[in-house]
Amino acid sequence: MIRFGWLQFRFQAAVALGVLAAAAVALGVTGAHLNYLYDSSGLAACAPHGDCAALTSALLARLRGYGAFGMIYWGGIFALYGVPVVIGTFWGAPLITREIEAGTLRLAWTQGVTRVRWLAVKLGLTGLASMAAAGLLSLMVTWWASRVDPLDPYGMNRLQPAMFGTRGIVPVGYAAFAFVLGVTAGLLIRNTVGAMAATPVILAVVEGAVIAWVRPHLIAPVRAVSPLNLATVQDVGINVGPPASSGLFVDAAPPNPPGGWLYSSQVLSAADRTSLGPEPRACAPGTGRACLNALGRLHLQQAVTYQPASRYWPLQWAELSLFLALALVLAGFCFWWIRRRLPG
Amino acid sequence: MNGGAGVTAVVEASGLGKRYGRRWAVRDCTLAIPAGRVTGLVGPNGAGKSTLLNLAAGLITPTTGTITVLGGRPASGPAQLARVGFVAQDTPVYPRMSVASHLRAGAWLNPRWDGEQARRRIDRLALDPRQRAGSLSGGQRAQLALTLAIAKRPDLLLLDEPVAGLDPLARREFLQGLMESVAEHGTSVVLSSHLITDIERVCDHLVVLAASRIRLAGKVSELLASHQRLSGPRRDPATLPASQEVISESHTGRQTTLLIRTSEPVHDPAWTARPVSLEDLVLAYMSRPDEGAARRPRLGVVS
């Protein structure tokens with residue numbers, strides 16, 4: 001059965017290999033040049049509090065000068081979101097519907113191989129290929145961007161929601177889930193075109209929901225409270241909300257945890273309360289020197305909730321596991337379905 | 001499965017029914033199809049022939065009742081699957097795979113695969129092994145599907161309208177190839193068709209299905225011997241002896257024509273008795289009112 005599965009999959013596998021090879025050439029050539037630029041920029045040896053910032057902006061300015069840099073940088077992000085969509089739509093959705101529509105399911109399921117084994121081989125072979133394809137592409141893009149990602153070339157580090165799923169091992173989980181999702185959609189919709197149309201939509205909804213509502217809770221964030229840096233205060237006023245919260249209102253720029261992912265930032269009173277008390281009289285005319293001095297006497301604090309940079313790999317594993325688990329659940333459903341619901 | 005005289009049954013159904021939504025495709029089906037025979041399953045389109053064959057192949061599961069094929073539950077495991085060959089309606093094959101790839105896949109997927117026989121058949125049919133199955137003619141495609149089913153060396157071969165889309169020549173070649181293989185290996189065959197001429201050519205056992213129920217089942221020679229067409233002066237069929245069951249009747253002003261089932265010769269001199277053709281017989285049973293339905297109370301508006 002494995003040989004038969006391969007016989008049916010080899011054309012798609014060849015296409016995928018071709019695309020990966022082209023990506024490898026493009027990323028390899030430009031990535032080597034990128035590494036050369038980085039090495040010759042002197043950034044590797046800069047003093048952390050000295051010339052690093054200047055060298056970074058010099059290098060980034062130079063990189064942005066190349067049109068190809070931005071194109072490949074954004075293209076890589078786009079491709080890693082796109083590959084699972086393509087896999088789900090073109091490998092997953094037609095896997096069984098095409099056989100239903102051509103009637104060949106009745107040929108396949110009356111050979112000397114049970115349909116459970118048939119599905120196991122089909123899901124296993126194409127599913128592993130999906131994971132391998134996405135994993136290889138992610139590996140290449142992650143390598144390509146390994147020098148520039150820490151520099152946040154477009155103000156996004158690799159823990160930021162939009163970037164996180166396009167580096168490391170998470171794309172493997174997306175690809176596995178997208179593939180089985182396509183197969184499941186095909187089984188339920190029983191129509192290739194319909195399943196191919198539904199798969200990207202469901203995939204986008206699930207990925208979006210995970211990014212917005214699940215990922216922030218995969219690992220409990222760090223909450224750090226520190227004295228408010230008065231230099232970051234942006235606005236002072238009176239909170240005219242419900243009576244309970246009326247009083248002093250201070251808006252301060254959130255600190256930027258390097259390489260981290262900021263959830264929220266809040267100004268607290270010296271006693272860790274969200275209610276900051278009455279507004280100092282010095283602040284009534286506006287945010288002047290006297291107002292800041294008055295604020296300083298209040299000993300305000302700033303609470304920050306965030307994922308530090310060190311959480312990157314634990315979060316990657318957690319999200320990979322989540323999507324692999326979802327894929328397994330859907331695969332289990334597919335097995336249950338073909339054992340009970342049959343063609344006809 | 002050695003062609004014994006119908007002692008063992010290759011397909012046994014009891015109270016078998018399959019419902020799709022509110023529509024019964026097959027219902028109250030109890031029958032035994034003997035081993036070593038070529039059984040024809042006839043009936044109009046939509047009578048339930050495909051459903052019955054798909055149930056026997058294990059592609060679908062019954063809603064009610066049971067079906068046993070070669071003593072086992074259909075598609076219950078690799079061993080059971082290996083013993084049953086199936087040529088599905090419209091003889092599906094993989095359009096993008098070559099003829100040779102189909103044979104290779106057949107060898108991989110079937111433990112009792114007879115590659116020598118498959119190659120011989122493909123040679124004799126003058127099929128190009130490198131040709132894609134999608135570019136074969138309807139007749140060639142059907143032959144490829146039959147080759148796949150035969151080369152797996154099944155004990156039972158199920159064919160669902162295999163010649164429906166073929167021209168008369170391809171139809172004859174297909175049935176000829178089928179009969180040669182059956183004769184060689186003693187395979188039991190169940191073949192469905194809505195054309196009686198196909199059935200007449202190859203089948204020695206007959207099952208008539210209409211409106212999802214079985215109307216008639218038996219050995220062709222016995223069925224022909226036990227039915228007669230009577231014609232004579234107009235007369236009420238109720239006056240016939242109890243041993244003569246009227247299957248169909250038609251009357252003109254002066255004449256009555258009956259198709260009756262009887263095990264005894266007809267001696268009444270008023271009748272001219274003639275043997276029936278298989279076509280007459282099948283048509284008579286197919287157009288007969290549904291006894292099962294008639295027995296059930298009906299709800300409806302009397303107009």
# chains A, B, ... in the order shown; residues from 1 in each chain; ligands from 1
call {"tool": "interface_residues", "arguments": {"of": "chain A", "to": "chain B", "cutoff": "10 Å", "atoms": "only C-alpha atoms", "output": "PyMOL selection string"}}
result
chain A and resi 1-5+7-8+99+102-118+339-344
call {"tool": "residues_around", "arguments": {"residues": "region 172-187 of chain B", "least_positions_apart": "5", "cutoff": "9 Å", "atoms": "only C-alpha atoms", "output": "list of chain:residue names"}}
result
B:Met1, B:Asn2, B:Gly3, B:Ala35, B:Gly36, B:Arg37, B:Val38, B:Arg121, B:Gly139, B:Ala142, B:Gln143, B:Leu146, B:Ile150, B:Arg153, B:Pro154, B:Asp155, B:Leu156, B:Leu157, B:Pro162, B:Val163, B:Asp167, B:Asp198, B:Arg201, B:Val202
call {"tool": "residues_around", "arguments": {"residues": "His194 (chain B)", "least_positions_apart": "3", "cutoff": "12 Å", "atoms": "only C-alpha atoms", "output": "VMD selection string"}}
result
chain B and resid 40 to 50 160 to 165 191 197 to 200 207 to 210 279 282 to 283 286
call {"tool": "write_last_selection", "arguments": {"atoms": "N, CA and C atoms", "output": "PDB file, in the first residue's frame"}}
result
ATOM      1  N   GLY B  40     -27.273 -13.256 -12.815  1.00  0.00           N
ATOM      2  CA  GLY B  40     -27.615 -11.948 -13.365  1.00  0.00           C
ATOM      3  C   GLY B  40     -28.559 -11.229 -12.433  1.00  0.00           C
ATOM      4  N   LEU B  41     -28.256  -9.946 -12.221  1.00  0.00           N
ATOM      5  CA  LEU B  41     -29.102  -9.120 -11.374  1.00  0.00           C
ATOM      6  C   LEU B  41     -29.757  -8.123 -12.312  1.00  0.00           C
ATOM      7  N   VAL B  42     -31.044  -8.305 -12.579  1.00  0.00           N
ATOM      8  CA  VAL B  42     -31.699  -7.405 -13.536  1.00  0.00           C
ATOM      9  C   VAL B  42     -32.747  -6.552 -12.854  1.00  0.00           C
ATOM     10  N   GLY B  43     -32.990  -5.433 -13.451  1.00  0.00           N
ATOM     11  CA  GLY B  43     -34.008  -4.540 -12.950  1.00  0.00           C
ATOM     12  C   GLY B  43     -33.833  -3.200 -13.602  1.00  0.00           C
ATOM     13  N   PRO B  44     -34.874  -2.372 -13.535  1.00  0.00           N
ATOM     14  CA  PRO B  44     -34.760  -1.046 -14.146  1.00  0.00           C
ATOM     15  C   PRO B  44     -33.751  -0.192 -13.388  1.00  0.00           C
ATOM     16  N   ASN B  45     -33.361   0.926 -13.975  1.00  0.00           N
ATOM     17  CA  ASN B  45     -32.451   1.841 -13.284  1.00  0.00           C
ATOM     18  C   ASN B  45     -33.090   2.291 -11.982  1.00  0.00           C
ATOM     19  N   GLY B  46     -32.276   2.301 -10.926  1.00  0.00           N
ATOM     20  CA  GLY B  46     -32.796   2.737  -9.638  1.00  0.00           C
ATOM     21  C   GLY B  46     -33.505   1.657  -8.864  1.00  0.00           C
ATOM     22  N   ALA B  47     -33.423   0.409  -9.332  1.00  0.00           N
ATOM     23  CA  ALA B  47     -34.129  -0.672  -8.660  1.00  0.00           C
ATOM     24  C   ALA B  47     -33.406  -1.130  -7.399  1.00  0.00           C
ATOM     25  N   GLY B  48     -32.123  -0.773  -7.277  1.00  0.00           N
ATOM     26  CA  GLY B  48     -31.366  -1.196  -6.103  1.00  0.00           C
ATOM     27  C   GLY B  48     -30.248  -2.171  -6.428  1.00  0.00           C
ATOM     28  N   LYS B  49     -29.971  -2.360  -7.714  1.00  0.00           N
ATOM     29  CA  LYS B  49     -28.930  -3.312  -8.109  1.00  0.00           C
ATOM     30  C   LYS B  49     -27.554  -2.882  -7.595  1.00  0.00           C
ATOM     31  N   SER B  50     -27.227  -1.609  -7.833  1.00  0.00           N
ATOM     32  CA  SER B  50     -25.918  -1.112  -7.387  1.00  0.00           C
ATOM     33  C   SER B  50     -25.803  -1.176  -5.879  1.00  0.00           C
ATOM     34  N   ASP B 160     -20.878  -4.441 -11.539  1.00  0.00           N
ATOM     35  CA  ASP B 160     -22.023  -3.541 -11.482  1.00  0.00           C
ATOM     36  C   ASP B 160     -22.178  -2.843 -12.833  1.00  0.00           C
ATOM     37  N   GLU B 161     -23.130  -3.289 -13.622  1.00  0.00           N
ATOM     38  CA  GLU B 161     -23.388  -2.709 -14.948  1.00  0.00           C
ATOM     39  C   GLU B 161     -22.101  -2.512 -15.741  1.00  0.00           C
ATOM     40  N   PRO B 162     -21.286  -3.557 -15.873  1.00  0.00           N
ATOM     41  CA  PRO B 162     -19.968  -3.332 -16.487  1.00  0.00           C
ATOM     42  C   PRO B 162     -20.052  -2.965 -17.960  1.00  0.00           C
ATOM     43  N   VAL B 163     -21.129  -3.345 -18.641  1.00  0.00           N
ATOM     44  CA  VAL B 163     -21.174  -3.104 -20.088  1.00  0.00           C
ATOM     45  C   VAL B 163     -22.150  -1.993 -20.460  1.00  0.00           C
ATOM     46  N   ALA B 164     -22.642  -1.282 -19.436  1.00  0.00           N
ATOM     47  CA  ALA B 164     -23.703  -0.304 -19.699  1.00  0.00           C
ATOM     48  C   ALA B 164     -23.291   0.752 -20.723  1.00  0.00           C
ATOM     49  N   GLY B 165     -22.014   1.181 -20.648  1.00  0.00           N
ATOM     50  CA  GLY B 165     -21.632   2.271 -21.540  1.00  0.00           C
ATOM     51  C   GLY B 165     -20.980   1.818 -22.828  1.00  0.00           C
ATOM     52  N   LEU B 191     -23.552 -10.377 -11.735  1.00  0.00           N
ATOM     53  CA  LEU B 191     -23.421  -9.349 -12.762  1.00  0.00           C
ATOM     54  C   LEU B 191     -24.745  -8.603 -12.837  1.00  0.00           C
ATOM     55  N   THR B 197     -30.724  -8.904 -22.632  1.00  0.00           N
ATOM     56  CA  THR B 197     -29.946  -9.661 -23.621  1.00  0.00           C
ATOM     57  C   THR B 197     -28.557 -10.017 -23.081  1.00  0.00           C
ATOM     58  N   ASP B 198     -27.953  -9.075 -22.316  1.00  0.00           N
ATOM     59  CA  ASP B 198     -26.643  -9.368 -21.731  1.00  0.00           C
ATOM     60  C   ASP B 198     -26.754 -10.529 -20.757  1.00  0.00           C
ATOM     61  N   ILE B 199     -27.773 -10.461 -19.938  1.00  0.00           N
ATOM     62  CA  ILE B 199     -27.979 -11.482 -18.921  1.00  0.00           C
ATOM     63  C   ILE B 199     -28.200 -12.839 -19.596  1.00  0.00           C
ATOM     64  N   GLU B 200     -29.025 -12.816 -20.633  1.00  0.00           N
ATOM     65  CA  GLU B 200     -29.381 -14.039 -21.340  1.00  0.00           C
ATOM     66  C   GLU B 200     -28.130 -14.713 -21.906  1.00  0.00           C
ATOM     67  N   VAL B 207     -31.688 -12.976 -10.744  1.00  0.00           N
ATOM     68  CA  VAL B 207     -32.387 -12.285  -9.656  1.00  0.00           C
ATOM     69  C   VAL B 207     -33.005 -11.037 -10.269  1.00  0.00           C
ATOM     70  N   VAL B 208     -34.325 -10.891 -10.109  1.00  0.00           N
ATOM     71  CA  VAL B 208     -35.003  -9.711 -10.649  1.00  0.00           C
ATOM     72  C   VAL B 208     -35.335  -8.763  -9.505  1.00  0.00           C
ATOM     73  N   LEU B 209     -34.872  -7.532  -9.644  1.00  0.00           N
ATOM     74  CA  LEU B 209     -35.122  -6.493  -8.641  1.00  0.00           C
ATOM     75  C   LEU B 209     -35.989  -5.427  -9.283  1.00  0.00           C
ATOM     76  N   ALA B 210     -36.976  -4.930  -8.543  1.00  0.00           N
ATOM     77  CA  ALA B 210     -37.694  -3.751  -9.002  1.00  0.00           C
ATOM     78  C   ALA B 210     -38.168  -2.990  -7.784  1.00  0.00           C
ATOM     79  N   GLU B 279     -36.956 -12.503 -21.575  1.00  0.00           N
ATOM     80  CA  GLU B 279     -37.364 -11.101 -21.554  1.00  0.00           C
ATOM     81  C   GLU B 279     -38.805 -10.957 -21.091  1.00  0.00           C
ATOM     82  N   VAL B 282     -38.934 -11.614 -17.296  1.00  0.00           N
ATOM     83  CA  VAL B 282     -38.396 -10.528 -16.469  1.00  0.00           C
ATOM     84  C   VAL B 282     -39.347  -9.340 -16.483  1.00  0.00           C
ATOM     85  N   LEU B 283     -39.843  -8.999 -17.670  1.00  0.00           N
ATOM     86  CA  LEU B 283     -40.742  -7.847 -17.768  1.00  0.00           C
ATOM     87  C   LEU B 283     -42.011  -8.084 -16.969  1.00  0.00           C
ATOM     88  N   MET B 286     -41.188  -7.630 -13.339  1.00  0.00           N
ATOM     89  CA  MET B 286     -40.851  -6.253 -12.993  1.00  0.00           C
ATOM     90  C   MET B 286     -42.091  -5.385 -12.944  1.00  0.00           C
TER      91      MET B 286
END
call {"tool": "residues_around", "arguments": {"residues": "region 142-150 of chain A", "least_positions_apart": "3", "cutoff": "8 Å", "atoms": "only C-alpha atoms", "output": "number ranges by chain"}}
result
A: 27-28, 30-31, 34-35, 38, 73, 138-139, 153, 157-158, 167-168, 259
call {"tool": "residues_around", "arguments": {"residues": "region 201-210 of chain A", "least_positions_apart": "3", "cutoff": "8 Å", "atoms": "only C-alpha atoms", "output": "list in words"}}
result
Val85, Ala178, Leu181, Ala197, Ala198, Trp213, Val214 and Arg215 of chain A
call {"tool": "atom_distance", "arguments": {"atom1": "CA of Val141 (chain A)", "atom2": "CA of Arg62 (chain A)"}}
result
20.2 Å
call {"tool": "select_by_dssp", "arguments": {"residues": "region 146-295 of chain A", "states": "strand (DSSP E)", "output": "number ranges by chain"}}
result
A: 222-227, 233-239, 247-252, 261-268
call {"tool": "select_by_dssp", "arguments": {"residues": "region 174-242 of chain B", "states": "alpha helix (DSSP H)", "output": "list in words"}}
result
Phe174, Leu175, Gln176, Gly177, Leu178, Met179, Glu180, Ser181, Val182, Ala183, Glu184, His185, Ile196, Thr197, Asp198, Ile199, Glu200, Arg201, Val202, Val220, Ser221, Glu222, Leu223, Leu224 and Ala225 of chain B
call {"tool": "atom_distance", "arguments": {"atom1": "CA of Phe177 (chain A)", "atom2": "CA of Asn191 (chain A)"}}
result
19.9 Å
call {"tool": "residues_around", "arguments": {"residues": "Ala79 (chain A)", "least_positions_apart": "2", "cutoff": "12 Å", "atoms": "only C-alpha atoms", "output": "ChimeraX atom specification"}}
result
/A:19-20,23,71-77,81-87,133-134,137-138,140-141,163,165-167,171,175
call {"tool": "write_last_selection", "arguments": {"atoms": "C-alpha atoms", "output": "compact mmCIF listing (two decimals), in the first residue's frame"}}
result
# COMPACT_ATOMS: atom_id res chain seq x y z
CA VAL A 19 9.69 24.59 -5.30
CA LEU A 20 11.86 23.83 -2.27
CA ALA A 23 13.68 28.46 -2.62
CA MET A 71 11.09 41.29 -0.85
CA ILE A 72 12.65 38.11 0.52
CA TYR A 73 12.09 39.12 4.14
CA TRP A 74 8.39 39.68 3.63
CA GLY A 75 8.20 36.94 1.00
CA GLY A 76 9.49 34.45 3.56
CA ILE A 77 6.82 35.45 6.06
CA TYR A 81 1.77 31.41 6.07
CA GLY A 82 0.96 30.42 2.50
CA VAL A 83 2.53 26.95 2.38
CA PRO A 84 0.08 25.39 4.87
CA VAL A 85 -2.79 26.96 2.93
CA VAL A 86 -1.50 25.48 -0.33
CA ILE A 87 -0.91 22.09 1.31
CA ALA A 133 8.07 20.57 3.20
CA ALA A 134 6.97 23.22 5.68
CA LEU A 137 11.15 25.89 4.12
CA SER A 138 11.01 27.23 7.67
CA MET A 140 15.80 27.80 5.23
CA VAL A 141 13.95 31.03 5.99
CA MET A 163 6.28 36.74 13.00
CA GLY A 165 4.45 31.36 13.13
CA THR A 166 6.91 31.97 10.30
CA ARG A 167 10.11 30.85 12.01
CA PRO A 171 5.14 25.94 10.53
CA ALA A 175 1.22 22.25 7.73
call {"tool": "atom_distance", "arguments": {"atom1": "CA of Val190 (chain B)", "atom2": "CA of Gly71 (chain B)"}}
result
15.9 Å
